[in-house]
Amino acid sequence: MTRVHIPSPLYSYTGGATQVEASGSTLEEIVDTLEARFPGLRFRIVDEQGRIREHIRFFVDSDLAPQLACAVEPGQEVHILCALSGG
Amino acid sequence: MRPRQRARASRRTQKPVVLVGTRKGAFFLTGDAARRTWKLTGPHFLGHIVHHAVLDPRDGRTMLLAVRTGHLGPTVFGSQDWGRTWQEASQPPAFAPGGSLAVQHVFWLTPGHAEQPGVWFAGTSPQGLFRSDDAGKTWEGVRGFNTHPRRNTWAGGDGTPDGPTLHSILIDPRDPRHMYFGMSSGGVFETRDGGKDWRPLNQGILADFLPDKYPEFGQDPHCIAMHPLHPDRLYHQNHCGIYRLDRPGEKWERIGENMPRAIGDIGFPIVLHPRDPDTLWVFPMDGSTVWPRTSPGGKPAVYRTRDGGRSWQRQARGLPQQQAWFTVKRQAFAADAGEPVGLYFGTTSGEVWTSADGGQRWARLAAHLPEIYSITTGVRG
């Protein structure tokens with residue numbers, strides 16, 4: 001299982017949980033696991049063409065992961081973050 | 001109680017509501033039956049961008065919000081209990097996978113035909129048309145437009161500053177298969193077969209930002225309206241003027257030429273009288289030089305015509321008389337069904353203004369709200 005850190009705009013989906021556990025060997029699989037548990041979450045952070053949304057960032061440990069195809073090794077942590085943007 | 005008495009009693013207990021969509025959430029204004037006192041409630045979805053908040057006139061209960069945030073993707077929320085609880089669409093509007101298009105935001109919501117309860121339509125940015133058959137819980141693309149062989153050609157060109165949009169989805173009350181919509185940019189389009197095929201309907205509409213000033217498509221309609229009792233009468237506030245079209249005619253007439261020269265006929269919203277097809281209102285803005293998009297001269301005013309656009313009257317009593325630089329976005333001006341008709345507009349500076357006498361006198365209903373994106377009206381039983 002991978003620990004996933006959730007940003008505050010998604011707390012309404014996770015019931016306020018700031019960290020959740022999800023299974024998967026890629027970000028894609030982990031996001032699908034999250035979607036199954038928290039319906040609606042995926043489309044808020046990934047568009048219908050499978051692209052990470054413009055103002056969302058995924059990190060695997062401390063490395064920026066630009067695509068959902070990025071691998072996640074056992075023991076690594078995933079951070080879903082909101083980019084500095086907006087107003 | 002006799003039917004007429006019952007109708008009168010029902011009108012006394014019905015409360016007018018104004019749904020306000022803003023850049024930072026949704027608010028509701030609920031009035032008394034006489035429209036004298038109003039109560040502001042909200043925010044709902046504080047911090048979320050609400051492009052459109054619409055009450056279903058068919059059941060007077062279903063309310064949909066087109067929502068996104070600065071970070072998160074677009075979705076639709078619905079409520080059946082005046083915002084006490086909300087349900088998110090399990091399948092929000094989204095283009096088909098395998099292409100390049102992705103919905104950036106849901107911009108427009110239209111309840112479907114009176115004989116098709118539960119049907120809603122949504123317009124998005126970039127330009128897409130979507131349909132729900134279950135009151136907004138799930139949405140499917142209208143393939144007849146979204147995958148039309150000419151869709152990319154029609155929708156090409158520049159978009160508006162917040163992205164190109166599909167808006168003003170209009171359904172002929174005589175025939176649900178007959179619909180119109182507008183694209184900014186792209187122009188006005190029509191279907192007569194329930195959305196299987198579409199065609200441009202832009203004859204006579206200026207596009208001063210293109211080399212061909214009167215093209216088949218590519219214009220920038222800001223807001224289109226069809227009269228509910230006389231659906232062959234269309235009006236249209238465009239990037240390049242105010243227009244009228246009487247079907248089955250094909251060529252729009254620029255009725256904005258009759259506006260005062262110093263004011264011009266540029267603006268975003270257009271509002272029709274619910275019963276009189278010759279009466280409508282616009283809110284002009286400064287579209288000169290660099291397009292300041294403010295009230296002309298800092299003196300906001302509504303303009304009304306009662307003869308289908310042959311003449312226009314300024315209606316500014318009660319509005320700020322100087323140094324007021326707000327304007328009104330395309331979804332942010334609406335009429336109610338009252339007698340006399342009530343008007344409501346929301347400003348870019350977060351104020352809601354109303355007139356209970358068809359625009360002759362204006363009063364401020366609310367202030368200090370976030371930038372207002374939409375104003376719609378309804379009745380709470």
# chains A, B, ... in the order shown; residues from 1 in each chain; ligands from 1
call {"tool": "residues_around", "arguments": {"residues": "region 20-32 of chain A", "least_positions_apart": "5", "cutoff": "12 Å", "atoms": "only C-alpha atoms", "output": "PyMOL selection string"}}
result
chain A and resi 1-7+10-11+13-15+37-46+50-52+57-60+64-80
call {"tool": "interface_residues", "arguments": {"of": "chain B", "to": "chain A", "cutoff": "9 Å", "atoms": "only C-alpha atoms", "output": "PyMOL selection string"}}
result
chain B and resi 68-75+88-92+94-104
call {"tool": "residues_around", "arguments": {"residues": "Pro292 (chain B)", "least_positions_apart": "5", "cutoff": "10 Å", "atoms": "only C-alpha atoms", "output": "ChimeraX atom specification"}}
result
/B:285-287,325,327
call {"tool": "write_last_selection", "arguments": {"atoms": "all heavy atoms", "output": "CSV table (one decimal), in the first residue's frame"}}
result
chain,number,residue,atom,x,y,z
B,285,MET,N,-21.9,48.3,-22.6
B,285,MET,CA,-20.5,48.6,-22.0
B,285,MET,C,-19.6,49.3,-23.0
B,285,MET,O,-20.0,49.3,-24.2
B,285,MET,CB,-19.9,47.2,-21.6
B,285,MET,CG,-19.6,46.3,-22.7
B,285,MET,SD,-18.5,45.0,-22.2
B,285,MET,CE,-17.5,44.8,-23.7
B,286,ASP,N,-18.5,49.7,-22.5
B,286,ASP,CA,-17.6,50.5,-23.4
B,286,ASP,C,-16.8,49.5,-24.2
B,286,ASP,O,-15.9,48.8,-23.7
B,286,ASP,CB,-16.7,51.3,-22.5
B,286,ASP,CG,-15.8,52.2,-23.3
B,286,ASP,OD1,-15.7,52.0,-24.5
B,286,ASP,OD2,-15.2,53.2,-22.7
B,287,GLY,N,-17.1,49.3,-25.5
B,287,GLY,CA,-16.4,48.5,-26.4
B,287,GLY,C,-15.6,49.3,-27.4
B,287,GLY,O,-15.3,48.8,-28.5
B,325,TRP,N,-17.7,52.0,-12.5
B,325,TRP,CA,-17.0,51.4,-13.6
B,325,TRP,C,-17.3,49.9,-13.8
B,325,TRP,O,-16.6,49.2,-14.4
B,325,TRP,CB,-15.5,51.7,-13.5
B,325,TRP,CG,-15.3,53.1,-13.5
B,325,TRP,CD1,-15.1,53.9,-12.4
B,325,TRP,CD2,-15.3,54.0,-14.7
B,325,TRP,NE1,-14.9,55.3,-12.8
B,325,TRP,CE2,-15.0,55.3,-14.2
B,325,TRP,CE3,-15.4,53.8,-16.0
B,325,TRP,CZ2,-14.9,56.4,-15.0
B,325,TRP,CZ3,-15.3,54.9,-16.9
B,325,TRP,CH2,-15.1,56.2,-16.4
B,327,THR,N,-19.4,46.4,-14.9
B,327,THR,CA,-20.3,46.0,-16.0
B,327,THR,C,-21.0,44.7,-15.6
B,327,THR,O,-20.9,44.3,-14.5
B,327,THR,CB,-19.5,45.9,-17.3
B,327,THR,OG1,-20.4,45.7,-18.4
B,327,THR,CG2,-18.5,44.7,-17.3
call {"tool": "select_by_dssp", "arguments": {"residues": "chain A", "states": "strand (DSSP E or B)", "output": "list of chain:residue names"}}
result
A:Thr2, A:Arg3, A:Val4, A:His5, A:Gln19, A:Val20, A:Glu21, A:Ala22, A:Thr26, A:Val46, A:Ile52, A:Ile56, A:Arg57, A:Phe58, A:Phe59, A:Val60, A:Asp63, A:Leu64, A:Ala65, A:Ala71, A:Glu77, A:Val78, A:His79, A:Ile80, A:Leu81, A:Cys82
call {"tool": "closest_residue", "arguments": {"among": "B:Ile263, B:Leu40, B:Pro57, B:Lys299", "to": "Asp336 (chain B)", "atoms": "only C-alpha atoms"}}
result
B:Pro57
call {"tool": "atom_distance", "arguments": {"atom1": "CA of Gly241 (chain B)", "atom2": "CA of Met183 (chain B)"}}
result
15.6 Å
call {"tool": "atom_distance", "arguments": {"atom1": "CA of Phe130 (chain B)", "atom2": "CA of His178 (chain B)"}}
result
15.7 Å
